[in-house]
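Structure file entry.csv (CSV, C-alpha atoms and all ligand atoms) follows.
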chain,number,residue,atom,x,y,z
A,1419,MET,CA,15.9,-102.7,10.0
A,1420,ASN,CA,18.2,-101.1,7.5
A,1421,ASP,CA,21.3,-99.6,9.4
A,1422,SER,CA,20.8,-96.2,7.8
A,1423,ILE,CA,17.4,-95.8,9.5
A,1424,ARG,CA,18.1,-97.5,12.8
A,1425,PRO,CA,18.6,-95.2,15.8
A,1426,THR,CA,22.3,-95.1,16.5
A,1427,PHE,CA,23.9,-94.5,19.9
A,1428,ARG,CA,27.5,-94.2,20.9
A,1429,PHE,CA,29.5,-94.3,24.1
A,1430,ALA,CA,32.6,-92.2,23.7
A,1431,PRO,CA,35.1,-92.5,26.6
A,1432,SER,CA,38.6,-91.0,26.7
A,1433,PRO,CA,41.4,-93.5,27.5
A,1434,ASN,CA,43.1,-91.2,30.0
A,1435,GLY,CA,42.3,-93.4,33.0
A,1436,LEU,CA,40.2,-96.3,34.2
A,1437,LEU,CA,36.4,-96.2,33.8
A,1438,HIS,CA,34.5,-95.5,37.0
A,1439,LEU,CA,30.8,-95.9,38.0
A,1440,GLY,CA,29.8,-92.7,36.2
A,1441,HIS,CA,31.1,-94.1,32.9
A,1442,ALA,CA,29.3,-97.4,33.5
A,1443,ARG,CA,26.1,-95.4,34.1
A,1444,SER,CA,26.5,-93.6,30.8
A,1445,ALA,CA,27.4,-96.7,28.8
A,1446,LEU,CA,24.5,-98.7,30.4
A,1447,ILE,CA,22.0,-96.0,29.6
A,1448,ASN,CA,23.2,-95.8,26.0
A,1449,ASP,CA,22.8,-99.6,25.8
A,1450,ALA,CA,19.3,-99.5,27.4
A,1451,MET,CA,18.1,-96.8,25.1
A,1452,ALA,CA,19.6,-98.6,22.1
A,1453,ARG,CA,17.9,-101.8,23.0
A,1454,ALA,CA,14.5,-100.2,23.8
A,1455,SER,CA,14.5,-98.6,20.3
A,1456,GLY,CA,15.9,-101.5,18.3
A,1457,GLY,CA,19.0,-99.3,17.7
A,1458,ARG,CA,22.7,-99.7,17.3
A,1459,LEU,CA,25.4,-99.1,19.9
A,1460,LEU,CA,28.8,-97.8,18.8
A,1461,LEU,CA,32.0,-97.3,20.7
A,1462,ARG,CA,34.3,-94.4,20.1
A,1463,ILE,CA,37.7,-93.9,21.7
A,1464,GLU,CA,38.3,-90.2,22.2
A,1465,ASP,CA,42.1,-90.1,22.2
A,1466,ILE,CA,43.0,-86.9,20.5
A,1467,ASP,CA,45.0,-85.8,23.6
A,1468,ALA,CA,48.1,-87.9,23.0
A,1469,ALA,CA,49.8,-86.5,26.1
A,1470,ARG,CA,47.1,-88.0,28.4
A,1471,CYS,CA,45.7,-91.0,26.5
A,1472,ARG,CA,47.3,-94.4,26.8
A,1473,PRO,CA,46.7,-97.7,24.9
A,1474,GLU,CA,46.6,-99.7,28.1
A,1475,TYR,CA,43.6,-97.5,29.3
A,1476,GLU,CA,41.9,-98.2,26.0
A,1477,ALA,CA,42.4,-102.0,26.5
A,1478,ALA,CA,41.0,-101.7,30.0
A,1479,ILE,CA,38.0,-99.8,28.7
A,1480,LEU,CA,37.1,-102.6,26.2
A,1481,GLU,CA,37.6,-105.2,28.9
A,1482,ASP,CA,35.6,-103.5,31.6
A,1483,LEU,CA,32.7,-102.8,29.2
A,1484,ALA,CA,32.6,-106.4,28.0
A,1485,TRP,CA,32.7,-107.5,31.7
A,1486,LEU,CA,29.6,-105.3,32.3
A,1487,GLY,CA,27.9,-107.3,29.5
A,1488,LEU,CA,27.9,-104.6,26.9
A,1489,ALA,CA,28.4,-105.3,23.2
A,1490,TRP,CA,29.0,-102.8,20.5
A,1491,GLU,CA,29.4,-102.8,16.7
A,1492,ALA,CA,32.8,-103.1,15.1
A,1493,PRO,CA,34.9,-101.3,14.2
A,1494,VAL,CA,35.6,-99.1,17.2
A,1495,ARG,CA,36.4,-95.6,15.9
A,1496,ARG,CA,39.6,-94.2,17.3
A,1497,GLN,CA,39.8,-90.4,17.0
A,1498,SER,CA,43.6,-90.3,16.6
A,1499,GLU,CA,43.2,-92.2,13.3
A,1500,HIS,CA,40.9,-89.5,11.8
A,1501,MET,CA,42.7,-86.2,12.1
A,1502,ALA,CA,42.2,-85.6,8.4
A,1503,ASP,CA,38.5,-85.5,8.9
A,1504,TYR,CA,38.8,-82.9,11.7
A,1505,ARG,CA,41.2,-80.9,9.6
A,1506,ALA,CA,38.8,-80.7,6.7
A,1507,ALA,CA,36.1,-79.4,9.0
A,1508,LEU,CA,38.5,-76.8,10.5
A,1509,GLU,CA,39.5,-75.7,7.0
A,1510,ARG,CA,35.8,-75.3,6.1
A,1511,LEU,CA,35.2,-73.1,9.1
A,1512,ALA,CA,38.4,-71.1,8.3
A,1513,GLY,CA,37.2,-70.7,4.8
A,1514,MET,CA,34.0,-69.1,6.1
A,1515,GLY,CA,36.2,-66.5,7.9
A,1516,LEU,CA,35.1,-67.8,11.3
A,1517,VAL,CA,38.5,-68.9,12.8
A,1518,TYR,CA,41.5,-66.8,14.0
A,1519,ALA,CA,44.8,-67.7,15.5
A,1520,SER,CA,45.3,-66.3,19.0
A,1521,PHE,CA,48.8,-66.0,20.5
A,1522,GLU,CA,48.0,-64.9,24.1
A,1523,SER,CA,49.6,-67.3,26.6
A,1524,ARG,CA,47.6,-68.9,29.4
A,1525,GLY,CA,49.5,-66.5,31.7
A,1526,ALA,CA,48.6,-63.4,29.7
A,1527,ILE,CA,44.9,-64.5,29.7
A,1528,ARG,CA,45.0,-65.1,33.5
A,1529,ARG,CA,46.5,-61.7,34.1
A,1530,ALA,CA,44.0,-59.9,31.9
A,1531,VAL,CA,41.1,-61.6,33.7
A,1532,ALA,CA,42.6,-60.8,37.1
A,1533,GLU,CA,42.6,-57.1,36.2
A,1534,ARG,CA,38.9,-57.3,35.4
A,1535,PRO,CA,36.9,-58.2,38.5
A,1536,GLY,CA,33.5,-59.7,37.6
A,1537,TRP,CA,34.7,-60.8,34.1
A,1538,PRO,CA,32.2,-63.3,32.8
A,1539,ARG,CA,32.8,-67.0,32.9
A,1540,ASP,CA,31.7,-69.8,30.5
A,1541,PRO,CA,29.3,-72.6,31.6
A,1542,ASP,CA,32.3,-74.6,32.8
A,1543,GLU,CA,33.4,-71.7,35.0
A,1544,ALA,CA,36.4,-70.8,32.9
A,1545,PRO,CA,36.8,-67.0,32.2
A,1546,LEU,CA,35.7,-66.0,28.7
A,1547,PHE,CA,38.6,-65.2,26.4
A,1548,PRO,CA,39.4,-61.6,27.5
A,1549,PHE,CA,40.9,-60.5,24.2
A,1550,SER,CA,39.3,-60.3,20.8
A,1551,ARG,CA,40.0,-60.9,17.1
A,1552,ALA,CA,40.2,-57.1,16.6
A,1553,THR,CA,43.4,-56.8,18.7
A,1554,MET,CA,45.6,-57.9,15.8
A,1555,SER,CA,45.5,-57.7,12.0
A,1556,GLU,CA,44.9,-60.9,10.0
A,1557,GLU,CA,48.3,-60.3,8.4
A,1558,GLU,CA,50.1,-60.1,11.7
A,1559,ARG,CA,48.3,-63.3,12.8
A,1560,ALA,CA,49.4,-65.1,9.6
A,1561,ARG,CA,52.9,-63.9,10.0
A,1562,ARG,CA,53.3,-65.1,13.6
A,1563,GLN,CA,51.7,-68.4,12.7
A,1564,ALA,CA,54.1,-68.9,9.8
A,1565,ALA,CA,57.0,-68.0,12.1
A,1566,GLY,CA,56.1,-71.1,14.2
A,1567,GLU,CA,54.8,-69.3,17.3
A,1568,PRO,CA,52.4,-71.4,19.5
A,1569,TYR,CA,48.8,-70.5,18.9
A,1570,ALA,CA,45.2,-71.5,19.6
A,1571,LEU,CA,42.6,-71.4,16.8
A,1572,ARG,CA,39.5,-69.8,18.1
A,1573,LEU,CA,36.0,-69.6,16.8
A,1574,ASP,CA,34.9,-66.0,16.2
A,1575,MET,CA,31.8,-66.7,18.2
A,1576,LYS,CA,29.8,-63.5,17.5
A,1577,ARG,CA,30.2,-63.9,13.8
A,1578,ALA,CA,29.6,-67.6,13.9
A,1579,ALA,CA,26.4,-67.3,16.0
A,1580,ALA,CA,25.1,-64.5,13.8
A,1581,LEU,CA,25.7,-66.6,10.7
A,1582,ALA,CA,24.0,-69.6,12.1
A,1583,GLY,CA,21.0,-67.7,13.6
A,1584,PRO,CA,18.9,-69.1,16.5
A,1585,LEU,CA,19.5,-72.8,17.2
A,1586,ASP,CA,18.0,-75.4,19.5
A,1587,TRP,CA,18.1,-79.1,20.1
A,1588,ARG,CA,15.6,-81.9,21.0
A,1589,GLU,CA,16.3,-83.3,24.4
A,1590,ILE,CA,14.9,-86.8,25.3
A,1591,GLY,CA,14.6,-87.4,29.0
A,1592,TRP,CA,16.0,-90.4,31.0
A,1593,PRO,CA,14.4,-92.5,32.5
A,1594,GLU,CA,11.2,-90.8,31.4
A,1595,SER,CA,11.4,-90.4,27.6
A,1596,GLY,CA,9.6,-87.1,27.1
A,1597,GLU,CA,10.9,-84.7,24.5
A,1598,THR,CA,11.6,-81.0,25.0
A,1599,THR,CA,13.2,-78.4,22.8
A,1600,VAL,CA,16.1,-76.6,24.3
A,1601,ALA,CA,17.4,-73.2,23.0
A,1602,ALA,CA,21.2,-73.3,22.4
A,1603,ASP,CA,23.3,-70.4,23.8
A,1604,PRO,CA,26.7,-70.7,22.1
A,1605,LEU,CA,27.6,-67.0,22.9
A,1606,ALA,CA,27.9,-68.1,26.6
A,1607,TRP,CA,31.1,-69.7,25.6
A,1608,GLY,CA,32.9,-66.8,24.0
A,1609,ASP,CA,35.6,-67.4,21.4
A,1610,VAL,CA,36.1,-71.1,22.1
A,1611,VAL,CA,39.4,-72.9,21.2
A,1612,ILE,CA,38.6,-75.3,18.4
A,1613,ALA,CA,42.2,-76.4,17.6
A,1614,ARG,CA,45.8,-75.7,18.7
A,1615,LYS,CA,49.1,-75.6,16.9
A,1616,GLU,CA,50.1,-78.9,18.4
A,1617,MET,CA,46.6,-80.5,18.1
A,1618,LEU,CA,44.7,-79.6,15.1
A,1619,THR,CA,41.3,-80.3,16.6
A,1620,SER,CA,39.5,-80.0,19.9
A,1621,TYR,CA,36.9,-82.1,21.7
A,1622,HIS,CA,34.1,-79.9,20.3
A,1623,LEU,CA,35.1,-80.2,16.7
A,1624,ALA,CA,36.0,-83.9,16.8
A,1625,VAL,CA,32.8,-84.9,18.5
A,1626,VAL,CA,30.5,-83.2,16.0
A,1627,VAL,CA,32.4,-84.5,13.0
A,1628,ASP,CA,32.5,-88.0,14.4
A,1629,ASP,CA,28.8,-88.1,15.4
A,1630,ALA,CA,27.9,-87.1,11.8
A,1631,LEU,CA,30.4,-89.5,10.1
A,1632,GLN,CA,29.2,-92.4,12.3
A,1633,GLY,CA,25.6,-91.6,11.6
A,1634,VAL,CA,24.8,-91.1,15.3
A,1635,THR,CA,21.2,-90.1,15.8
A,1636,HIS,CA,21.1,-90.1,19.6
A,1637,VAL,CA,23.9,-88.6,21.8
A,1638,VAL,CA,23.4,-89.8,25.3
A,1639,ARG,CA,25.9,-88.4,27.9
A,1640,GLY,CA,26.1,-86.9,31.3
A,1641,ALA,CA,24.5,-83.6,32.3
A,1642,ASP,CA,28.0,-82.1,32.7
A,1643,LEU,CA,28.2,-81.9,28.9
A,1644,ARG,CA,24.8,-80.3,28.5
A,1645,ALA,CA,26.1,-76.7,28.1
A,1646,ALA,CA,28.7,-77.9,25.5
A,1647,THR,CA,25.8,-79.0,23.3
A,1648,SER,CA,25.3,-75.3,22.4
A,1649,VAL,CA,28.7,-75.3,20.8
A,1650,HIS,CA,28.1,-78.6,19.1
A,1651,ARG,CA,24.8,-77.4,17.6
A,1652,LEU,CA,26.5,-74.3,16.3
A,1653,LEU,CA,29.3,-76.3,14.7
A,1654,GLN,CA,26.8,-78.8,13.2
A,1655,SER,CA,24.8,-75.9,11.7
A,1656,LEU,CA,28.0,-74.2,10.3
A,1657,LEU,CA,29.3,-77.5,8.8
A,1658,GLY,CA,25.9,-78.6,7.4
A,1659,LEU,CA,25.8,-81.7,9.7
A,1660,PRO,CA,22.6,-83.2,10.9
A,1661,ALA,CA,21.4,-82.5,14.5
A,1662,PRO,CA,21.1,-85.7,16.6
A,1663,PHE,CA,18.7,-86.0,19.5
A,1664,TYR,CA,20.3,-85.4,22.9
A,1665,THR,CA,19.9,-87.0,26.4
A,1666,HIS,CA,21.9,-85.5,29.2
A,1667,HIS,CA,21.4,-87.9,32.1
A,1668,GLY,CA,21.8,-87.1,35.8
A,1669,LEU,CA,25.2,-87.7,37.2
A,1670,LEU,CA,26.2,-90.0,40.1
A,1671,LEU,CA,27.6,-88.0,43.0
A,1672,ASP,CA,30.0,-89.1,45.7
A,1673,GLY,CA,29.3,-88.8,49.4
A,1674,GLU,CA,30.3,-85.1,49.3
A,1675,GLY,CA,28.0,-84.2,46.5
A,1676,ARG,CA,30.8,-84.1,43.8
A,1677,LYS,CA,30.4,-85.7,40.5
A,1678,LEU,CA,32.5,-88.9,40.1
A,1679,SER,CA,35.7,-88.3,38.3
A,1680,LYS,CA,39.2,-89.6,37.8
A,1681,SER,CA,40.7,-86.4,39.2
A,1682,ILE,CA,39.0,-87.0,42.6
A,1683,GLY,CA,40.1,-90.6,42.5
A,1684,SER,CA,36.6,-92.2,42.2
A,1685,GLN,CA,36.8,-95.9,42.5
A,1686,SER,CA,37.3,-97.6,39.2
A,1687,LEU,CA,35.2,-100.4,37.8
A,1688,ARG,CA,38.3,-102.4,37.8
A,1689,ALA,CA,38.7,-101.9,41.6
A,1690,LEU,CA,35.0,-102.7,42.2
A,1691,ARG,CA,35.3,-105.9,40.2
A,1692,GLU,CA,38.5,-107.0,41.9
A,1693,GLY,CA,36.8,-106.3,45.2
A,1694,GLY,CA,34.2,-109.0,44.2
A,1695,MET,CA,31.4,-106.9,42.8
A,1696,THR,CA,29.2,-108.4,40.1
A,1697,PRO,CA,28.1,-106.7,36.9
A,1698,ASP,CA,24.5,-106.7,38.2
A,1699,GLU,CA,25.6,-105.0,41.4
A,1700,VAL,CA,27.4,-102.3,39.3
A,1701,ARG,CA,24.2,-101.8,37.4
A,1702,ARG,CA,22.3,-101.3,40.6
A,1703,LEU,CA,24.9,-98.8,41.9
A,1704,ALA,CA,24.9,-97.0,38.5
A,1705,ASP,CA,21.1,-96.8,38.9
A,1706,VAL,CA,20.5,-98.6,35.6
A,1707,CYS,CA,19.0,-101.9,36.7
A,1708,PRO,CA,17.9,-104.7,34.3
A,1709,GLY,CA,14.2,-104.3,34.0
A,1710,GLY,CA,14.3,-100.9,35.7
A,1711,ALA,CA,12.7,-97.8,34.2
A,1712,GLY,CA,13.3,-97.5,30.5
A,1713,SER,CA,16.0,-100.2,30.4
A,1714,ARG,CA,16.0,-103.4,28.5
A,1715,SER,CA,12.3,-103.3,27.5
A,1716,GLY,CA,12.7,-106.6,25.6
A,1801,LIG,N1,34.9,-88.2,25.6
A,1801,LIG,C1,34.0,-87.5,26.5
A,1801,LIG,C2,34.3,-87.9,27.9
A,1801,LIG,O1,34.9,-88.9,28.2
A,1801,LIG,C3,32.6,-87.7,26.2
A,1801,LIG,C4,32.2,-87.0,25.0
A,1801,LIG,C5,30.7,-87.2,24.6
A,1801,LIG,O2,30.0,-88.1,25.0
A,1801,LIG,O3,30.3,-86.3,23.8
A,1801,LIG,O4,33.9,-87.2,28.8
Translate this structure into structure tokens?
Amino acid sequence: MNDSIRPTFRFAPSPNGLLHLGHARSALINDAMARASGGRLLLRIEDIDAARCRPEYEAAILEDLAWLGLAWEAPVRRQSEHMADYRAALERLAGMGLVYASFESRGAIRRAVAERPGWPRDPDEAPLFPFSRATMSEEERARRQAAGEPYALRLDMKRAAALAGPLDWREIGWPESGETTVAADPLAWGDVVIARKEMLTSYHLAVVVDDALQGVTHVVRGADLRAATSVHRLLQSLLGLPAPFYTHHGLLLDGEGRKLSKSIGSQSLRALREGGMTPDEVRRLADVCPGGAGSRSG
């Protein structure tokens, strides 16, 4: 099959820690879906946050995925090497009048929210931005930006959502592969940060630019990123990028019902492997067994 028409999947970890079982599950489901559809599997290293990402974690990711038996196409895309692509997208959005620089500190935002009991929160439980674009003139924003003050670049969500009109995405299930249409709700996020003075992109912006540039047709990731897809669909629409299919698979939970994460010290693949676990045992624990539902149909 010609690469340009083959389904294209990607696994996109951030090298800010060791992979755990939840990552293995996501990578294995991507691999299983790619195999079942005769598709390609790409690997992307999401390392825009230089303060938290480290080359030794990237090396560990490659090694752990190879140990699991996964293979991906070269080259691996490393986000830190493509800042010009994100900058071009940001400039395009700014050129459409959809971006403004905000100068409120985290402390000022916290205090404003504390004064407003019941202030709405975004799908990740963070309070919506409690100020608005109208609080300062564009001239004043430009002056403070030029003076070197720290700022966040925010998407003017109401204007952006109005410009894009109603949006949805096609969700493919896992392990059952039924397709549903999901309505996007970007307004639930308020004026999201899409770049900062010290980092001229954000996860949201980089991910949609990369998925398009890499020709990704199927985004397969955990259900914790499902709500973010509303922002991604909005950015794709504004930037004229194609909409991939999405699968937001169920997450593995720990004994206390929390999703696995580095911050709660979930056991790394590295530790499981050093404890003598085999890749097949990891597949079973990750609930993606060879020959199991929807996996490795070949
Ligand atoms: N880099 C993100 C993470 O490690 C995943 C992004 C995505 O799959 O869209 O959580």
Using all atoms listed in the file, which protein or nucleic acid residues are at most 7 Å from ligand LIG 1801 (chain A), as an NGL selection string?
-> :A and (1429-1432 or 1464 or 1625 or 1637-1639)
Pick from A:Val1700, A:His1500, A:Pro1473, A:Ile1466, whichever lies nearest to Arg1688 (chain A) using only C-alpha atoms | A:Val1700
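With all atoms listed in the file as the atoms that count, the minimum distance from Glu1589 (chain A) to the choices A:His1667, A:His1441, A:His1622, A:His1650 is reached by A:His1667.
In this model, the gap between CA of Glu1692 (chain A) and CA of Leu1483 (chain A) comes to 14.6 Å.
Between CA of Pro1697 (chain A) and CA of Ala1484 (chain A) the interatomic distance comes to 10.0 Å.
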Which residue of A:Glu1567, A:Glu1522, A:Glu1594, A:Ala1624 approaches Ile1463 (chain A) most closely, using all atoms listed in the file = A:Ala1624
Would you work out the distance separating CA of Gly1640 (chain A) from CA of Leu1687 (chain A), expressed in Å to one decimal?
->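 Going from CA of Gly1640 (chain A) over to CA of Leu1687 (chain A), I get 17.5 Å.
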Residue neighbourhood Lys1680 (chain A), 9 Å, only C-alpha atoms, exclusion window fewer than 4 positions, as JSON, numbers by chain | {"A": [1434, 1435, 1436, 1437, 1438, 1684, 1685, 1686]}
What does the file look like for those residues with C-alpha atoms, as a PDB file, keeping the file's coordinate frame?
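This is the output file part_25.pdb:
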ATOM      1  CA  ASN A1434      43.100 -91.200  30.000  1.00  0.00           C
ATOM      2  CA  GLY A1435      42.300 -93.400  33.000  1.00  0.00           C
ATOM      3  CA  LEU A1436      40.200 -96.300  34.200  1.00  0.00           C
ATOM      4  CA  LEU A1437      36.400 -96.200  33.800  1.00  0.00           C
ATOM      5  CA  HIS A1438      34.500 -95.500  37.000  1.00  0.00           C
ATOM      6  CA  SER A1684      36.600 -92.200  42.200  1.00  0.00           C
ATOM      7  CA  GLN A1685      36.800 -95.900  42.500  1.00  0.00           C
ATOM      8  CA  SER A1686      37.300 -97.600  39.200  1.00  0.00           C
TER       9      SER A1686
END
For region 1651-1653 of chain A, find every residue with an atom within 10 Å (counting only C-alpha atoms), except residues of its own chain fewer than 4 positions away, and show them as a PDB file with C-alpha atoms, in the frame of the given file.
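After the write, selection.pdb holds the following:
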ATOM      1  CA  ALA A1507      36.100 -79.400   9.000  1.00  0.00           C
ATOM      2  CA  LEU A1511      35.200 -73.100   9.100  1.00  0.00           C
ATOM      3  CA  LEU A1573      36.000 -69.600  16.800  1.00  0.00           C
ATOM      4  CA  MET A1575      31.800 -66.700  18.200  1.00  0.00           C
ATOM      5  CA  ALA A1578      29.600 -67.600  13.900  1.00  0.00           C
ATOM      6  CA  ALA A1579      26.400 -67.300  16.000  1.00  0.00           C
ATOM      7  CA  LEU A1581      25.700 -66.600  10.700  1.00  0.00           C
ATOM      8  CA  ALA A1582      24.000 -69.600  12.100  1.00  0.00           C
ATOM      9  CA  GLY A1583      21.000 -67.700  13.600  1.00  0.00           C
ATOM     10  CA  PRO A1584      18.900 -69.100  16.500  1.00  0.00           C
ATOM     11  CA  LEU A1585      19.500 -72.800  17.200  1.00  0.00           C
ATOM     12  CA  ASP A1586      18.000 -75.400  19.500  1.00  0.00           C
ATOM     13  CA  TRP A1587      18.100 -79.100  20.100  1.00  0.00           C
ATOM     14  CA  ALA A1602      21.200 -73.300  22.400  1.00  0.00           C
ATOM     15  CA  ASP A1603      23.300 -70.400  23.800  1.00  0.00           C
ATOM     16  CA  PRO A1604      26.700 -70.700  22.100  1.00  0.00           C
ATOM     17  CA  LEU A1605      27.600 -67.000  22.900  1.00  0.00           C
ATOM     18  CA  HIS A1622      34.100 -79.900  20.300  1.00  0.00           C
ATOM     19  CA  LEU A1623      35.100 -80.200  16.700  1.00  0.00           C
ATOM     20  CA  VAL A1626      30.500 -83.200  16.000  1.00  0.00           C
ATOM     21  CA  VAL A1627      32.400 -84.500  13.000  1.00  0.00           C
ATOM     22  CA  ALA A1646      28.700 -77.900  25.500  1.00  0.00           C
ATOM     23  CA  THR A1647      25.800 -79.000  23.300  1.00  0.00           C
ATOM     24  CA  LEU A1657      29.300 -77.500   8.800  1.00  0.00           C
ATOM     25  CA  GLY A1658      25.900 -78.600   7.400  1.00  0.00           C
ATOM     26  CA  LEU A1659      25.800 -81.700   9.700  1.00  0.00           C
ATOM     27  CA  PRO A1660      22.600 -83.200  10.900  1.00  0.00           C
ATOM     28  CA  ALA A1661      21.400 -82.500  14.500  1.00  0.00           C
ATOM     29  CA  PRO A1662      21.100 -85.700  16.600  1.00  0.00           C
TER      30      PRO A1662
END
Please rebuild region 1531-1539 of chain A with all heavy atoms and give the result as a short mmCIF file (atom, residue, chain, number, x, y, z; two decimals), in the frame of the given file.
data_model
loop_
_atom_site.label_atom_id
_atom_site.label_comp_id
_atom_site.auth_asym_id
_atom_site.auth_seq_id
_atom_site.Cartn_x
_atom_site.Cartn_y
_atom_site.Cartn_z
N VAL A 1531 42.39 -61.37 32.98
CA VAL A 1531 41.10 -61.60 33.70
C VAL A 1531 41.24 -61.10 35.13
O VAL A 1531 40.29 -60.51 35.66
CB VAL A 1531 40.82 -63.15 33.68
CG1 VAL A 1531 39.68 -63.49 34.63
CG2 VAL A 1531 40.49 -63.60 32.26
N ALA A 1532 42.44 -61.26 35.75
CA ALA A 1532 42.60 -60.80 37.10
C ALA A 1532 42.42 -59.28 37.23
O ALA A 1532 41.99 -58.76 38.25
CB ALA A 1532 44.01 -61.18 37.63
N GLU A 1533 42.74 -58.57 36.14
CA GLU A 1533 42.60 -57.10 36.20
C GLU A 1533 41.13 -56.68 35.94
O GLU A 1533 40.84 -55.50 35.99
CB GLU A 1533 43.42 -56.49 35.02
CG GLU A 1533 44.89 -56.44 35.33
CD GLU A 1533 45.72 -56.23 34.06
OE1 GLU A 1533 45.14 -55.89 33.00
OE2 GLU A 1533 46.95 -56.44 34.14
N ARG A 1534 40.26 -57.63 35.65
CA ARG A 1534 38.90 -57.30 35.40
C ARG A 1534 37.93 -58.00 36.30
O ARG A 1534 37.35 -59.03 35.91
CB ARG A 1534 38.50 -57.61 33.93
CG ARG A 1534 39.40 -56.91 32.93
CD ARG A 1534 39.05 -57.36 31.54
NE ARG A 1534 40.21 -57.18 30.67
CZ ARG A 1534 40.20 -57.30 29.36
NH1 ARG A 1534 39.08 -57.62 28.75
NH2 ARG A 1534 41.28 -57.12 28.66
N PRO A 1535 37.76 -57.49 37.52
CA PRO A 1535 36.90 -58.20 38.50
C PRO A 1535 35.48 -58.35 37.86
O PRO A 1535 34.99 -57.45 37.18
CB PRO A 1535 36.83 -57.25 39.68
CG PRO A 1535 37.96 -56.29 39.51
CD PRO A 1535 38.28 -56.23 38.05
N GLY A 1536 34.90 -59.49 38.09
CA GLY A 1536 33.50 -59.70 37.60
C GLY A 1536 33.52 -60.14 36.12
O GLY A 1536 32.45 -60.22 35.51
N TRP A 1537 34.69 -60.37 35.53
CA TRP A 1537 34.70 -60.80 34.10
C TRP A 1537 33.91 -62.06 33.93
O TRP A 1537 34.01 -62.98 34.74
CB TRP A 1537 36.21 -61.02 33.70
CG TRP A 1537 36.36 -61.37 32.25
CD1 TRP A 1537 36.69 -62.59 31.75
CD2 TRP A 1537 36.16 -60.51 31.13
NE1 TRP A 1537 36.71 -62.55 30.38
CE2 TRP A 1537 36.39 -61.28 29.97
CE3 TRP A 1537 35.80 -59.17 30.99
CZ2 TRP A 1537 36.28 -60.75 28.69
CZ3 TRP A 1537 35.69 -58.65 29.71
CH2 TRP A 1537 35.93 -59.43 28.58
N PRO A 1538 33.06 -62.14 32.90
CA PRO A 1538 32.20 -63.30 32.80
C PRO A 1538 32.88 -64.62 32.55
O PRO A 1538 33.99 -64.66 32.01
CB PRO A 1538 31.29 -62.94 31.57
CG PRO A 1538 31.95 -61.81 30.88
CD PRO A 1538 32.84 -61.12 31.86
N ARG A 1539 32.22 -65.67 33.00
CA ARG A 1539 32.80 -67.00 32.90
C ARG A 1539 31.87 -67.86 31.96
O ARG A 1539 30.68 -67.56 31.84
CB ARG A 1539 32.88 -67.68 34.24
CG ARG A 1539 33.95 -66.99 35.04
CD ARG A 1539 34.12 -67.51 36.44
NE ARG A 1539 35.28 -66.83 37.01
CZ ARG A 1539 36.51 -67.35 37.09
NH1 ARG A 1539 36.72 -68.60 36.71
NH2 ARG A 1539 37.50 -66.65 37.56
#
